Amino acid sequence: MEYKETLLAYKEDIEHRGLVDWLEGHTSFMRPLHRYYGILNIDKEKLHFTGSDEKKGGQFSLTINITDITDVHLGYDNIFRRIEDRSLGIFQFVPLRINFIEKGKEASVYLFANYSSLIRHSDNQKLFDELNVYKKR
């Protein structure tokens with residue numbers, strides 16, 4: 001499955017966001033907090049994101065083996081809080097967090113898959129369901 005126009009940020013990107021990042025995430029027609037923008041592909045073995053680093057420029061790529069995923073969470077948490085989103089979570093628009101092992105350490109990324117700013121929608125529920133099916137195999 002392919003999810004175009006996907007937004008991605010590591011846990012550390014959210015924790016260390018600056019005032020400009022926060023303001024952009026709260027301005028109409030701007031995207032939610034993120035660092036990377038690109039395309040997400042998923043199959044029964046891996047999740048692969050390719051895109052660009054919107055903070056530093058250049059290309060970015062991330063591959064996560066399904067077997068390395070330790071947790072999948074749909075919704076706000078203590079890192080990506082409701083206050084980080086301009087709608088405060090009122091419109092069923094929530095981030096998807098994936099915890100996984102990267103280079104022997106626990107890492108977390110937050111996604112908005114198939115993000116549409118026009119209708120402020122993502123396919124995070126669909127991606128969440130798909131990941132849970134693959135994790136059970």
# chains A, B, ... in the order shown; residues from 1 in each chain; ligands from 1

call {"tool": "closest_atom_pairs", "arguments": {"of": "range 49-84 of chain A", "to": "range 115-137 of chain A", "cutoff": "8 Å", "atoms": "only C-alpha atoms", "output": "JSON lines"}}
result
{"residue": "A:Ile66", "atom": "CA", "partner": "A:Lys135", "partner_atom": "CA", "distance": 6.6}
{"residue": "A:Thr67", "atom": "CA", "partner": "A:Lys135", "partner_atom": "CA", "distance": 7.3}
{"residue": "A:Ile69", "atom": "CA", "partner": "A:Lys135", "partner_atom": "CA", "distance": 8.0}
{"residue": "A:Val72", "atom": "CA", "partner": "A:Phe128", "partner_atom": "CA", "distance": 7.1}
{"residue": "A:His73", "atom": "CA", "partner": "A:Phe128", "partner_atom": "CA", "distance": 7.7}
{"residue": "A:Leu74", "atom": "CA", "partner": "A:Phe128", "partner_atom": "CA", "distance": 6.8}

call {"tool": "write_last_selection", "arguments": {"atoms": "N, CA, C and O atoms", "output": "compact mmCIF listing (two decimals), in the first residue's frame"}}
result
# COMPACT_ATOMS: atom_id res chain seq x y z
N ILE A 66 8.80 -4.73 9.83
CA ILE A 66 7.60 -4.96 10.63
C ILE A 66 7.95 -5.68 11.93
O ILE A 66 7.40 -5.38 12.99
N THR A 67 8.91 -6.60 11.85
CA THR A 67 9.31 -7.35 13.05
C THR A 67 10.02 -6.47 14.08
O THR A 67 10.13 -6.86 15.24
N ILE A 69 8.95 -3.42 14.87
CA ILE A 69 7.95 -2.54 15.48
C ILE A 69 7.54 -3.13 16.83
O ILE A 69 7.15 -4.29 16.93
N VAL A 72 2.34 0.35 18.26
CA VAL A 72 1.68 1.28 17.34
C VAL A 72 0.56 1.94 18.13
O VAL A 72 -0.24 1.25 18.78
N HIS A 73 0.53 3.27 18.11
CA HIS A 73 -0.46 4.01 18.90
C HIS A 73 -1.11 5.07 18.02
O HIS A 73 -0.40 5.88 17.41
N LEU A 74 -2.42 5.07 17.97
CA LEU A 74 -3.17 6.08 17.22
C LEU A 74 -3.76 7.06 18.22
O LEU A 74 -4.61 6.68 19.04

call {"tool": "residues_around", "arguments": {"residues": "Asp68 in chain A", "least_positions_apart": "5", "cutoff": "9 Å", "atoms": "only C-alpha atoms", "output": "list in words"}}
result
Asn99, Phe100, Ile101 and Glu102 of chain A

call {"tool": "closest_residue", "arguments": {"among": "A:Lys103, A:His34, A:Lys4, A:Lys11", "to": "Ile64 in chain A", "atoms": "only C-alpha atoms"}}
result
A:Lys103

call {"tool": "atom_distance", "arguments": {"atom1": "CA of Ser52 in chain A", "atom2": "CA of Ile98 in chain A"}}
result
19.4 Å

call {"tool": "atom_distance", "arguments": {"atom1": "CA of Glu15 in chain A", "atom2": "CA of Gly58 in chain A"}}
result
21.9 Å

call {"tool": "residues_around", "arguments": {"residues": "Glu54 in chain A", "least_positions_apart": "5", "cutoff": "7 Å", "atoms": "only C-alpha atoms", "output": "list in words"}}
result
Arg35, Tyr36 and Tyr37 of chain A

call {"tool": "write_last_selection", "arguments": {"atoms": "C-alpha atoms", "output": "tab-separated table (two decimals), in the first residue's frame"}}
result
chain	number	residue	atom	x	y	z
A	35	ARG	CA	10.12	17.31	9.76
A	36	TYR	CA	9.96	15.00	6.74
A	37	TYR	CA	7.57	14.98	3.81

call {"tool": "residues_around", "arguments": {"residues": "Ile42 in chain A", "least_positions_apart": "2", "cutoff": "9 Å", "atoms": "only C-alpha atoms", "output": "list in words"}}
result
Met1, Glu2, Tyr3, Leu40, Lys44, Glu45, Lys46, Leu47, His48, Phe49, Leu127, Glu130 and Leu131 of chain A

call {"tool": "write_last_selection", "arguments": {"atoms": "C-alpha atoms", "output": "PDB file, in the first residue's frame"}}
result
ATOM      1  CA  MET A   1       0.000   0.000   0.000  1.00  0.00           C
ATOM      2  CA  GLU A   2       1.264   3.474  -0.819  1.00  0.00           C
ATOM      3  CA  TYR A   3       0.512   6.614   1.165  1.00  0.00           C
ATOM      4  CA  LEU A  40       5.219   5.874   2.642  1.00  0.00           C
ATOM      5  CA  LYS A  44       3.880  -7.426   5.090  1.00  0.00           C
ATOM      6  CA  GLU A  45       7.641  -7.176   5.715  1.00  0.00           C
ATOM      7  CA  LYS A  46       8.534  -3.490   5.953  1.00  0.00           C
ATOM      8  CA  LEU A  47       7.473   0.103   6.116  1.00  0.00           C
ATOM      9  CA  HIS A  48       9.530   2.386   3.849  1.00  0.00           C
ATOM     10  CA  PHE A  49       9.443   6.185   3.781  1.00  0.00           C
ATOM     11  CA  LEU A 127      -2.475   2.653   8.296  1.00  0.00           C
ATOM     12  CA  GLU A 130      -2.937  -2.306   8.309  1.00  0.00           C
ATOM     13  CA  LEU A 131       0.061  -2.327  10.657  1.00  0.00           C
TER      14      LEU A 131
END

call {"tool": "atom_distance", "arguments": {"atom1": "CA of Thr70 in chain A", "atom2": "CA of Thr50 in chain A"}}
result
21.5 Å

call {"tool": "residues_around", "arguments": {"residues": "Leu111 in chain A", "least_positions_apart": "4", "cutoff": "6 Å", "atoms": "only C-alpha atoms", "output": "number ranges by chain"}}
result
A: 7-8, 95-96

call {"tool": "closest_residue", "arguments": {"among": "A:Gly104, A:Gly38, A:Gly51, A:Gly75", "to": "Thr6 in chain A", "atoms": "only C-alpha atoms"}}
result
A:Gly38
